[in-house]
Amino acid sequence: MNKVMKIENQFKVIRIAFSIAIALAIAFLIISFVSDDPLYTMYNFIIGPFTSINRIGNIIEVMTPLLFTAVGVCIMYSANMINMASEGAFFLGGVATAYVAVTYTMPSGIHPIISILAGGIVGAIVCGIPAIMHIKFNALPVVSSLMINYVCLYLGLFIVNYVIRDPQAGYMASYKFAKTAILPELFSKTNVHLGLIIGLAVVVFGYYFLMRSKWGYSIRMIGKNTSFAKYSGMNVTAILLSCQLIGGFIAGIGGAVEQLGMYNRFQYQKLPGHGFDGVMIAILARYNPKFVPLASFFLAYIRVGADVMARTSDVPVEIVSIIQAVIIIFVASERFLEGWKYRRIVKATKDTHAEAEKQVVGEA
Amino acid sequence: ATPKDGGNSSTDTNSGKDKTKVAVVINTNLGDKAFSDLVWSGVTRAAEDLDLEVKAFELLGDATRQEPTLTELSESGEWDLVVSGTFNLKEATQDAALEFPEQKFIVYDTEVDFAEDDYSNVVSVMSKQNEGSFLAGALAAMLTSSGIEGTNEEKVIGFVGGGENSAINDFLVGYIEGAKYVDPEVKVLYSYIGDFTNTAKGKELALAQYQQGADIVFAVAGSASLGALNASKEAGRLAIGVDQDHALNLEETDPETSKHIVTSVMKNLDVLIYDKIAEYVNGEIEWGKHIGAGLAENGMSLADNKYYREIVPAEIIEKVEEITEKVKSGEIEVPTAIGMSTEEVEAIKAKASK
Amino acid sequence: MNKVIDNTEYILRMENITKIYGNGFMANKNVNLRVKKGEIHALIGENGAGKSTLMKVLFGQEQPEEGKIFYKGEEIKITNPLVALAHGIGMVHQHFMLVPSLTVAENMVLGIEPKNKGFFNYQEAVRLTEEVSKKYNLPIDPRAKVKDLPVGYKQRVEILKILLRGVEVLILDEPTAVLTPQETEELFVQLRELKKQGYTIIFISHKLNEIKALCDNLTVLRNGRVTGTAKVADLTEQDISRLMVGRDVMLTIDKEEAKPKKTVLKVRNLTYKNSDNKAIVNNVSFSIREGEILGIAGVEGNGQREISSLITGLIENQSGEIKLFDEDITNISIRKIREKGVAHISEDRMTYGTVADASVEENIISDRYYKDDYNKYGLLDKKKIAELSNELIKEYRVKCDSKDAEIRTLSGGNIQKVVAAREFTSNPKLIIANQPTRGIDVGASEFIRKKLVSLRDEGAAILLISADLTEVITVSDSLLVMSEGKIVAYFEDTKNLTEETVGEYMLGIKKQTAEEIGGVCYE
Amino acid sequence: MEIILDSIFSTEFFFSVLRVATPLIFVSLAALVVKNGGVMCIAFEGMMLFSALGAVIGSAFSQSRLVGILVGLLLGMSISAIFAYFVLVLNSNGVLTGLALNILGSGGTVFMLYLISGDKGSSTALKSLIIPNVDIPIIKDIPVIGEILSGHNILTYVALITVVVVYILINKTPLGLRIRSVGENPHAAESVGIKVIKTKFIALMIGGFIASLGGIYMSMGYLPFFTRDMMAGRGFMGIAASNLGGGLTIPTFAAALLFGSAEALSNIMQSLRLPSEFMQMVPYIVTLIGLMLVGGNNKKLTFKKEEKNE
Ligand SMILES: Nc1ncnc2c1ncn2[C@@H]1O[C@H](COP(=O)(O)OP(=O)(O)OP(=O)(O)O)[C@@H](O)[C@H]1O
Ligand SMILES: Nc1ncnc2c1ncn2[C@@H]1O[C@H](COP(=O)(O)OP(=O)(O)OP(=O)(O)O)[C@@H](O)[C@H]1O
Ligand SMILES: [Mg+2]
Ligand SMILES: [Mg+2]
């Protein structure tokens, strides 16, 4: 059996490496179509992101909000509820934060905390709605949450427009956040802000909460078999709802941190997509927060890489989404190379048995 | 070769190094058949006439791309000029200008806060959309009861906006004011699509307005405007486009629709940007200044093409010219939504349906 | 390898079959199976011995790594079930392979749908169903939805399904596991009839009496290998179980006289109606004391499951009283009920008893994970939990890679042992054991029954619900018989009780007076 | 207010409901077929974008409607084929793959449009063809009804026919029976020799075909051109409608019409002086309310099972 485990582990690495290689090959193919110098373009895509502090900082900036939404999704999905409302939670959480950050005056230590909490609470409510609709009315969460995202978008835009809009801004944006609310930058020359630290803290919290605490255990069991959880004495509805609230809370904090760390006023006009990114990352991380930093770094890296490529060479920027989609689809394919793995395992098993028999014969 | 209006590749370069290099930052994307393409067309024309190397950087409306793009462009020292603009990019560009005082910026379609800091490496240009829109409103108000083909008895005109934001509302305010100036009894219907991509919804909203008696719809919604323009053909009514001369644009591929597009409100940003680039190349540019170009400065105008001439009766054309002169001379002062509070905008909107 | 055998008499030969699963598990190793035309051939072995695997290979659902299959003397390659069916080999699976929302007729013709100008010809499907049902004397309503059928009828549909496809060899993988004794008997009649008509049947079961009653020859599998083939008539049940398990197995249970003490559970006038307002449990009352096992015998589906669900809180009580140590436990949370000392072995171990995708350890702690004993610094105490799991795995002889192996990689018997390990070690004062040994091999069954008795001796009150009459009579101290939601008989002592007597009550041939039944109620 | 009531109780309004609902009818039927096959697919947005673009490109270059439709179907169905291959054969997570394909649809179409026309926002530089509106002989002369039902785009009628076709496919053909059986109990289907993956694949391809018709309607009927991101969430609305319809054809059709009405209503109600944001919410809120009202029915459906597998 040991041999088999070894093959399984090897295979995990090989499969991912292989799928990335294929995805890159496809990317290269597409790039060759449009670029005069595909090798240079490719270089910029793969190496480009690491060639300046600014760019590395950029990767981290892009990855920061994803840490939150992904951990939130890990928690929500572990209970086997496909709740896409992290997108709405992130957006509306940002709006709530903006509201607190522009309307109240508070001392600088407190202001960010209260603003972020406001974002978190709103996020929790947003993600709680599909759960309540599911528990009370048996409405399918994946559908209701997609609709709720749109409601969040327009509700948020309404608040920005009618409550906190800065007429002087010249475009649809809130007043500037109070200086006391802004999150400090961590490194000069980049926009990497305190949100990174908060995000990493959330990852650690998410890991211990989901994988090591009794609460997380019950969430995971509910996700795998609700009847069993009920039979074992778990309060299924309460836990189901609470984990959606917690997940939404974290996604909402993400929206808050992003606002206070990256911008000085609320200026989204559409859903930013970080909630959906969170879903992708959480799935890639197999709902284990431990792997979230790696997966979000990966996504941020290919995004920044593609951006750098679009900036420095002659390919249109839309190629970003193509490459991204191709890579994700390949990395997600579990049974890729399965036949090869199976053959290796069969062979290993036969060998093991043969050896064992030889030994028996030898001893006799 | 002529660069296509949607492309972001540079013009022919054979002796790349000694050419003046211009980077253009586009907040959304090229190919909107509206604002972004307009900016780009000014730049590409400059590139051809003045032999420049130009490249567009499209941010696809993603705010996280603003800072890295501007920093990188400025930091590289590769670009003689960075042309950046719209309200959304204003703050990021100002930051970059402060951080890299060596880098020169032309900022379009927003006003840089010259009073607040030292922006002696920046110049900003902006066209007053409210003034152009005023003319559109006046024109529509005159046409609605003129009896020309496509109009009806009722004094109702329409407006379809993309998302509700200040620029769109600036158009709307100018439009309402223009209509009311001509005839206070004209009713202005207005709707918002909610984004700038749902073209079909743009069409539906325009159709709904036609159904409610509007005969002319002014569509200000990026590429979603195309839906509203298409509706005019289907409803047999009239439409006014924005930012580009849509009648001429569609002439070849969809001549039927062109016949329903009375005119387009042109933001002559292309000209303004072209002029600034030319001044820079010739060493005549004055830094640290904002230019707000209205009708008087030729920053805005109505597209005057054969369709306009064909559809609009001569006396109305004359009237429009009169009004144009009055706005130019300052006799008519058009209010702007920029800087207006939401309540003030609401008050003007309330007037629309009276 | 094999000496000269007259192969012609065998309709089917599987030679040297080796099957390795994707996780590296060798489920069959050089297995040989020879089946004669027109016989009923038993395939037996412990849980996880590789019976189902071998049959799936034969049916084309799994591809063997090595080995050959000869059918009617010729080698055939069975690449998928269609090929098997085309050759005349059909399989009734251990678990129902039916589409619940479709009608019987639709299920019957799935994959071989009769057509009319390209459209599905439902009338023809109904006609075919009626035809085959008449031919084999297995009546069924072709237009009924499968989900509305009782288990026995579902089983019937499964058999008709393969008969319709014109098979000659029927593989029946534990067809009786979910059937009542009556249904089993009925099935046997049908199978013997089929045999008479020349059909060949491969029959898998863990119930030795069934093998004895029905089969001609048997092949025994252990750990993926054949350990013997024999004529059934030559063997006693004891012999067969020895072949299967490799040691002698107690087929009856050795236990001392019960010494009941305080009353633990009092159930009074319990009534439960389903959504159609039919009383599934009808005015049931009984009591159980410390140190005694009260059995409930009865044909399945007569309210036993609802009684256990009501006591353990899985379904909401509608009327009647359930008292644990004189305390009302109706409609309090399941957790509270469990904390008061109620343990529950559900009759459906895959739905309620375990999480298939979780590890053995995670399954073991589900009822106690939140307790202080297993938590440290706000997190689960990994060390304590590991200790507990390893201990229980050892004590309950759960065959698994490690405590981290996923439940679904265990065989059914071992899964049941995991359930038992959890439920029996929660210091239960009352154990509701619902079909605790269903579908489990003799060795594991013996183990669980012994455990139940020793828990009784330690003072637990036990309610044993079982459709297996032998089991329920031998293990219980006193016995209730249920029929149509009502208690129809009570026997204070099971010692001299025979299956026949109990059967008479079950089928309503005999009836006790209210007074006699009332004996089960005491304060 | 009066204007609005007049507008709603006009034949034009009911006419517009059908026009608005057409793409929704297509997607919801596509989602329905796929759902019956037990697959959870959220990639319709991407499929429709590709088919809409394909129709424009195909018809512009060949000047043939048929070629336009074929290219549209080809591109749209290749997205469903990719989805099917990765999810069914390579066991990729369905939600993840769906999200990725929607991203691909959004960026990939623009990229392709750029390669072909040098334009990024819309295809108005291409002289693509449209599928015309037609009057229905007899019906067109019936007062009121004629005005509502006649004069639509051919594809609107195709959508209505598709409702019937899908009903027959699912309920009256061997293939439909197989699709339902693999959706509900794949093991059962497998045990009688039905190839589960193949059947699901077919269901997805049929779904892709129908959704692609919806995409083609968007760029060859509803509008005469392609614009970036022009589906604007219609793919998701279709999934919602099929869900509201509980996996049954006629209720799904009704749900699509309901959403179409909500959308049409919200368009007209924009003339009320309410903040536009609220009007834009109307269709989504109607969906949510609908989901709550019919939620109970879903208990019996198999969609949840699939959810578990994800
Ligand atoms: N798909 C699979 N992947 C990996 N291992 C498997 C798979 N199916 C079965 N096994 C393993 O193969 C062994 C034999 O399984 P099989 O189903 O043949 O047992 P069985 O004799 O039918 O047992 P039971 O009496 O419990 O039905 C089991 O131990 C099981 O763990
Ligand atoms: N994918 C799998 N991976 C590992 N083991 C598997 C898998 N699928 C099934 N098995 C194992 O194969 C064995 C046989 O499965 P099957 O469903 O036929 O029987 P079972 O329910 O375990 O039988 P019984 O109830 O007789 O013990 C079981 O032990 C099951 O755990
Ligand atoms: Mg008029
Ligand atoms: Mg088995």
# chains A, B, ... in the order shown; residues from 1 in each chain; ligands from 1
$ residues_around --residues "Lys328 (chain B)" --least-positions-apart "5" --cutoff "9 Å" --atoms "only C-alpha atoms" --output "PyMOL selection string"
chain B and resi 294-297+323
$ write_last_selection --atoms "N, CA, C and O atoms" --output "PDB file, in the first residue's frame"
ATOM      1  N   GLY B 294     -15.852  73.959 -24.280  1.00  0.00           N
ATOM      2  CA  GLY B 294     -17.275  73.830 -24.577  1.00  0.00           C
ATOM      3  C   GLY B 294     -17.515  74.058 -26.053  1.00  0.00           C
ATOM      4  O   GLY B 294     -16.613  73.870 -26.879  1.00  0.00           O
ATOM      5  N   LEU B 295     -18.732  74.507 -26.361  1.00  0.00           N
ATOM      6  CA  LEU B 295     -19.026  74.776 -27.758  1.00  0.00           C
ATOM      7  C   LEU B 295     -18.101  75.847 -28.312  1.00  0.00           C
ATOM      8  O   LEU B 295     -17.602  75.758 -29.437  1.00  0.00           O
ATOM      9  N   ALA B 296     -17.857  76.856 -27.500  1.00  0.00           N
ATOM     10  CA  ALA B 296     -17.053  77.979 -27.951  1.00  0.00           C
ATOM     11  C   ALA B 296     -15.647  77.550 -28.334  1.00  0.00           C
ATOM     12  O   ALA B 296     -15.081  78.005 -29.324  1.00  0.00           O
ATOM     13  N   GLU B 297     -15.119  76.636 -27.552  1.00  0.00           N
ATOM     14  CA  GLU B 297     -13.739  76.204 -27.813  1.00  0.00           C
ATOM     15  C   GLU B 297     -13.706  75.018 -28.768  1.00  0.00           C
ATOM     16  O   GLU B 297     -12.692  74.340 -28.890  1.00  0.00           O
ATOM     17  N   ILE B 323     -28.952  78.856 -31.322  1.00  0.00           N
ATOM     18  CA  ILE B 323     -28.750  78.472 -29.916  1.00  0.00           C
ATOM     19  C   ILE B 323     -27.281  78.217 -29.651  1.00  0.00           C
ATOM     20  O   ILE B 323     -26.734  78.611 -28.618  1.00  0.00           O
TER      21      ILE B 323
END
$ residues_near_ligand --ligand "ligand 2" --cutoff "9 Å" --atoms "only C-alpha atoms and all ligand atoms" --output "PyMOL selection string"
chain C and resi 21-23+25+46-53+93-95+173-174+177+205-206+350+356+406-416+438-441
$ interface_residues --of "chain B" --to "chain D" --cutoff "9 Å" --atoms "only C-alpha atoms" --output "PDB file with N, CA and C atoms, in the first residue's frame"
ATOM      1  N   PRO B   3      -3.896  52.059 -38.326  1.00  0.00           N
ATOM      2  CA  PRO B   3      -4.303  51.217 -37.213  1.00  0.00           C
ATOM      3  C   PRO B   3      -5.822  51.229 -37.112  1.00  0.00           C
ATOM      4  N   LYS B   4      -6.362  50.078 -36.888  1.00  0.00           N
ATOM      5  CA  LYS B   4      -7.810  50.004 -36.710  1.00  0.00           C
ATOM      6  C   LYS B   4      -8.171  50.711 -35.409  1.00  0.00           C
ATOM      7  N   ASP B   5      -9.403  51.191 -35.397  1.00  0.00           N
ATOM      8  CA  ASP B   5      -9.767  51.955 -34.211  1.00  0.00           C
ATOM      9  C   ASP B   5      -9.819  51.084 -32.954  1.00  0.00           C
ATOM     10  N   GLY B   6      -9.889  49.774 -33.130  1.00  0.00           N
ATOM     11  CA  GLY B   6      -9.944  48.926 -31.945  1.00  0.00           C
ATOM     12  C   GLY B   6      -8.576  48.416 -31.528  1.00  0.00           C
ATOM     13  N   GLY B   7      -7.598  48.594 -32.335  1.00  0.00           N
ATOM     14  CA  GLY B   7      -6.306  47.994 -32.057  1.00  0.00           C
ATOM     15  C   GLY B   7      -5.511  48.765 -31.033  1.00  0.00           C
ATOM     16  N   ASN B  29     -12.044  49.939 -22.293  1.00  0.00           N
ATOM     17  CA  ASN B  29     -11.437  49.204 -23.393  1.00  0.00           C
ATOM     18  C   ASN B  29     -11.702  49.947 -24.689  1.00  0.00           C
ATOM     19  N   LEU B  30     -10.899  49.661 -25.659  1.00  0.00           N
ATOM     20  CA  LEU B  30     -11.130  50.254 -26.971  1.00  0.00           C
ATOM     21  C   LEU B  30     -12.268  49.519 -27.662  1.00  0.00           C
ATOM     22  N   GLY B  31     -12.764  50.128 -28.684  1.00  0.00           N
ATOM     23  CA  GLY B  31     -13.815  49.465 -29.446  1.00  0.00           C
ATOM     24  C   GLY B  31     -15.190  49.718 -28.899  1.00  0.00           C
ATOM     25  N   ASP B  32     -15.353  50.723 -28.046  1.00  0.00           N
ATOM     26  CA  ASP B  32     -16.693  50.972 -27.528  1.00  0.00           C
ATOM     27  C   ASP B  32     -17.524  51.790 -28.511  1.00  0.00           C
ATOM     28  N   LYS B  33     -16.929  52.109 -29.634  1.00  0.00           N
ATOM     29  CA  LYS B  33     -17.616  52.937 -30.626  1.00  0.00           C
ATOM     30  C   LYS B  33     -18.082  54.231 -29.964  1.00  0.00           C
ATOM     31  N   GLU B 164     -25.862  54.915 -14.004  1.00  0.00           N
ATOM     32  CA  GLU B 164     -26.108  56.265 -13.527  1.00  0.00           C
ATOM     33  C   GLU B 164     -24.829  56.798 -12.906  1.00  0.00           C
ATOM     34  N   LEU B 189     -38.349  61.626 -21.204  1.00  0.00           N
ATOM     35  CA  LEU B 189     -38.298  60.324 -20.523  1.00  0.00           C
ATOM     36  C   LEU B 189     -36.826  59.926 -20.411  1.00  0.00           C
ATOM     37  N   TYR B 190     -36.479  59.343 -19.300  1.00  0.00           N
ATOM     38  CA  TYR B 190     -35.087  58.879 -19.221  1.00  0.00           C
ATOM     39  C   TYR B 190     -35.031  57.551 -18.492  1.00  0.00           C
ATOM     40  N   SER B 191     -34.135  56.698 -18.921  1.00  0.00           N
ATOM     41  CA  SER B 191     -33.929  55.408 -18.263  1.00  0.00           C
ATOM     42  C   SER B 191     -32.445  55.099 -18.266  1.00  0.00           C
ATOM     43  N   TYR B 192     -32.085  54.237 -17.349  1.00  0.00           N
ATOM     44  CA  TYR B 192     -30.685  53.789 -17.284  1.00  0.00           C
ATOM     45  C   TYR B 192     -30.635  52.292 -17.485  1.00  0.00           C
ATOM     46  N   ILE B 193     -29.650  51.837 -18.232  1.00  0.00           N
ATOM     47  CA  ILE B 193     -29.499  50.406 -18.471  1.00  0.00           C
ATOM     48  C   ILE B 193     -28.968  49.705 -17.222  1.00  0.00           C
ATOM     49  N   GLY B 194     -28.070  50.370 -16.525  1.00  0.00           N
ATOM     50  CA  GLY B 194     -27.475  49.750 -15.345  1.00  0.00           C
ATOM     51  C   GLY B 194     -26.037  49.330 -15.597  1.00  0.00           C
ATOM     52  N   ASP B 195     -25.678  49.226 -16.846  1.00  0.00           N
ATOM     53  CA  ASP B 195     -24.265  48.982 -17.177  1.00  0.00           C
ATOM     54  C   ASP B 195     -24.055  49.493 -18.599  1.00  0.00           C
ATOM     55  N   THR B 197     -22.895  47.437 -21.105  1.00  0.00           N
ATOM     56  CA  THR B 197     -22.712  46.302 -22.001  1.00  0.00           C
ATOM     57  C   THR B 197     -24.016  45.641 -22.419  1.00  0.00           C
ATOM     58  N   ASN B 198     -25.084  45.845 -21.667  1.00  0.00           N
ATOM     59  CA  ASN B 198     -26.330  45.141 -21.965  1.00  0.00           C
ATOM     60  C   ASN B 198     -27.044  45.828 -23.133  1.00  0.00           C
ATOM     61  N   THR B 199     -26.531  45.563 -24.311  1.00  0.00           N
ATOM     62  CA  THR B 199     -27.015  46.231 -25.521  1.00  0.00           C
ATOM     63  C   THR B 199     -28.503  45.984 -25.760  1.00  0.00           C
ATOM     64  N   ALA B 200     -28.921  44.740 -25.490  1.00  0.00           N
ATOM     65  CA  ALA B 200     -30.323  44.408 -25.725  1.00  0.00           C
ATOM     66  C   ALA B 200     -31.225  45.223 -24.811  1.00  0.00           C
ATOM     67  N   LYS B 201     -30.776  45.442 -23.602  1.00  0.00           N
ATOM     68  CA  LYS B 201     -31.587  46.238 -22.694  1.00  0.00           C
ATOM     69  C   LYS B 201     -31.643  47.681 -23.169  1.00  0.00           C
ATOM     70  N   LYS B 203     -31.724  48.549 -26.143  1.00  0.00           N
ATOM     71  CA  LYS B 203     -32.749  48.542 -27.184  1.00  0.00           C
ATOM     72  C   LYS B 203     -34.147  48.544 -26.565  1.00  0.00           C
ATOM     73  N   GLU B 204     -34.350  47.692 -25.581  1.00  0.00           N
ATOM     74  CA  GLU B 204     -35.667  47.606 -24.949  1.00  0.00           C
ATOM     75  C   GLU B 204     -36.085  48.927 -24.313  1.00  0.00           C
ATOM     76  N   LEU B 205     -35.138  49.566 -23.654  1.00  0.00           N
ATOM     77  CA  LEU B 205     -35.479  50.822 -22.983  1.00  0.00           C
ATOM     78  C   LEU B 205     -35.872  51.876 -24.011  1.00  0.00           C
ATOM     79  N   LEU B 207     -37.093  51.263 -26.974  1.00  0.00           N
ATOM     80  CA  LEU B 207     -38.404  50.879 -27.509  1.00  0.00           C
ATOM     81  C   LEU B 207     -39.517  51.255 -26.540  1.00  0.00           C
ATOM     82  N   ALA B 208     -39.258  51.046 -25.235  1.00  0.00           N
ATOM     83  CA  ALA B 208     -40.270  51.403 -24.233  1.00  0.00           C
ATOM     84  C   ALA B 208     -40.560  52.897 -24.287  1.00  0.00           C
ATOM     85  N   GLN B 209     -39.532  53.677 -24.486  1.00  0.00           N
ATOM     86  CA  GLN B 209     -39.743  55.127 -24.565  1.00  0.00           C
ATOM     87  C   GLN B 209     -40.492  55.508 -25.843  1.00  0.00           C
ATOM     88  N   GLN B 211     -42.546  53.682 -27.273  1.00  0.00           N
ATOM     89  CA  GLN B 211     -43.920  53.241 -27.046  1.00  0.00           C
ATOM     90  C   GLN B 211     -44.681  54.257 -26.196  1.00  0.00           C
ATOM     91  N   GLN B 212     -43.948  54.891 -25.307  1.00  0.00           N
ATOM     92  CA  GLN B 212     -44.594  55.883 -24.453  1.00  0.00           C
ATOM     93  C   GLN B 212     -44.660  57.262 -25.109  1.00  0.00           C
ATOM     94  N   GLY B 213     -44.426  57.298 -26.377  1.00  0.00           N
ATOM     95  CA  GLY B 213     -44.660  58.539 -27.103  1.00  0.00           C
ATOM     96  C   GLY B 213     -43.429  59.306 -27.521  1.00  0.00           C
ATOM     97  N   SER B 223     -21.076  51.086 -25.580  1.00  0.00           N
ATOM     98  CA  SER B 223     -21.461  50.218 -26.691  1.00  0.00           C
ATOM     99  C   SER B 223     -22.923  49.800 -26.591  1.00  0.00           C
ATOM    100  N   ALA B 224     -23.514  49.912 -25.412  1.00  0.00           N
ATOM    101  CA  ALA B 224     -24.934  49.560 -25.289  1.00  0.00           C
ATOM    102  C   ALA B 224     -25.819  50.557 -26.027  1.00  0.00           C
ATOM    103  N   LEU B 226     -25.628  51.234 -28.974  1.00  0.00           N
ATOM    104  CA  LEU B 226     -25.930  50.664 -30.281  1.00  0.00           C
ATOM    105  C   LEU B 226     -27.303  50.015 -30.283  1.00  0.00           C
ATOM    106  N   GLY B 227     -27.684  49.458 -29.122  1.00  0.00           N
ATOM    107  CA  GLY B 227     -28.993  48.841 -29.024  1.00  0.00           C
ATOM    108  C   GLY B 227     -30.098  49.871 -29.196  1.00  0.00           C
ATOM    109  N   ASN B 230     -30.367  50.960 -32.747  1.00  0.00           N
ATOM    110  CA  ASN B 230     -31.049  49.931 -33.522  1.00  0.00           C
ATOM    111  C   ASN B 230     -32.565  50.000 -33.316  1.00  0.00           C
ATOM    112  N   ALA B 231     -32.954  50.355 -32.103  1.00  0.00           N
ATOM    113  CA  ALA B 231     -34.388  50.455 -31.811  1.00  0.00           C
ATOM    114  C   ALA B 231     -35.057  51.519 -32.675  1.00  0.00           C
ATOM    115  N   ASN B 249     -20.623  56.053 -39.114  1.00  0.00           N
ATOM    116  CA  ASN B 249     -20.009  54.777 -38.741  1.00  0.00           C
ATOM    117  C   ASN B 249     -20.791  53.602 -39.272  1.00  0.00           C
ATOM    118  N   LEU B 250     -22.106  53.717 -39.198  1.00  0.00           N
ATOM    119  CA  LEU B 250     -22.949  52.578 -39.571  1.00  0.00           C
ATOM    120  C   LEU B 250     -23.313  52.586 -41.047  1.00  0.00           C
ATOM    121  N   GLU B 252     -21.996  52.089 -43.776  1.00  0.00           N
ATOM    122  CA  GLU B 252     -21.631  51.025 -44.693  1.00  0.00           C
ATOM    123  C   GLU B 252     -22.300  49.698 -44.356  1.00  0.00           C
ATOM    124  N   THR B 253     -22.270  49.370 -43.044  1.00  0.00           N
ATOM    125  CA  THR B 253     -22.771  48.045 -42.668  1.00  0.00           C
ATOM    126  C   THR B 253     -24.268  48.043 -42.385  1.00  0.00           C
ATOM    127  N   ASP B 254     -24.813  49.165 -42.019  1.00  0.00           N
ATOM    128  CA  ASP B 254     -26.229  49.185 -41.670  1.00  0.00           C
ATOM    129  C   ASP B 254     -26.847  50.519 -42.085  1.00  0.00           C
ATOM    130  N   LYS B 349     -34.153  66.364 -12.798  1.00  0.00           N
ATOM    131  CA  LYS B 349     -34.854  65.227 -13.390  1.00  0.00           C
ATOM    132  C   LYS B 349     -36.362  65.388 -13.192  1.00  0.00           C
ATOM    133  N   ALA B 350     -36.742  65.894 -12.022  1.00  0.00           N
ATOM    134  CA  ALA B 350     -38.175  66.036 -11.731  1.00  0.00           C
ATOM    135  C   ALA B 350     -38.833  66.971 -12.745  1.00  0.00           C
ATOM    136  N   SER B 353     -40.235  65.467 -16.455  1.00  0.00           N
ATOM    137  CA  SER B 353     -41.492  64.830 -16.829  1.00  0.00           C
ATOM    138  C   SER B 353     -42.677  65.782 -16.735  1.00  0.00           C
TER     139      SER B 353
END
$ interface_residues --of "chain C" --to "chain D" --cutoff "7 Å" --atoms "only C-alpha atoms" --output "count of residues only"
11
$ interface_residues --of "chain A" --to "chain B" --cutoff "8 Å" --atoms "only C-alpha atoms" --output "PyMOL selection string"
chain A and resi 54-55+58+62+161-162+165-172+262+267-270+272+311+314+316-317
$ closest_atom_pairs --of "chain A" --to "ligand 1" --cutoff "12 Å" --atoms "only C-alpha atoms and all ligand atoms" --output "JSON lines"
{"residue": "A:Tyr342", "atom": "CA", "partner": "ligand 1", "partner_atom_place_in_ligand_line": "3 (N)", "distance": 11.4}
{"residue": "A:Ile345", "atom": "CA", "partner": "ligand 1", "partner_atom_place_in_ligand_line": "4 (C)", "distance": 11.8}
{"residue": "A:Val346", "atom": "CA", "partner": "ligand 1", "partner_atom_place_in_ligand_line": "4 (C)", "distance": 11.8}
$ residues_around --residues "region 498-515 of chain C" --least-positions-apart "3" --cutoff "12 Å" --atoms "only C-alpha atoms" --output "PyMOL selection string"
chain C and resi 180-182+283-285+295-300+302+467-474+479-491+493-495+518-521
$ closest_residue --among "D:Pro143, D:Gly207, D:Gly105, D:Gly54" --to "chain A" --atoms "only C-alpha atoms"
D:Gly105
$ select_by_dssp --residues "region 307-462 of chain C" --states "strand (DSSP E or B)" --output "number ranges by chain"
C: 319-324, 327-328, 342-345, 359, 375-376, 379-380, 406, 430-434, 461-462
$ residues_near_ligand --ligand "ligand 3" --cutoff "6 Å" --atoms "only C-alpha atoms and all ligand atoms" --output "PyMOL selection string"
chain B and resi 144-145+151-156+215
$ write_last_selection --atoms "C-alpha atoms" --output "mmCIF file, in the first residue's frame"
data_model
loop_
_atom_site.group_PDB
_atom_site.id
_atom_site.type_symbol
_atom_site.label_atom_id
_atom_site.label_comp_id
_atom_site.auth_asym_id
_atom_site.auth_seq_id
_atom_site.Cartn_x
_atom_site.Cartn_y
_atom_site.Cartn_z
ATOM 1 C CA THR B 144 -40.812 66.259 -31.670
ATOM 2 C CA SER B 145 -43.708 68.354 -32.937
ATOM 3 C CA THR B 151 -42.213 62.059 -35.184
ATOM 4 C CA ASN B 152 -45.622 62.314 -33.653
ATOM 5 C CA GLU B 153 -47.955 64.887 -32.147
ATOM 6 C CA GLU B 154 -46.940 64.292 -28.562
ATOM 7 C CA LYS B 155 -44.202 66.422 -27.149
ATOM 8 C CA VAL B 156 -42.158 63.618 -25.696
ATOM 9 C CA ASP B 215 -40.015 60.141 -31.039
#
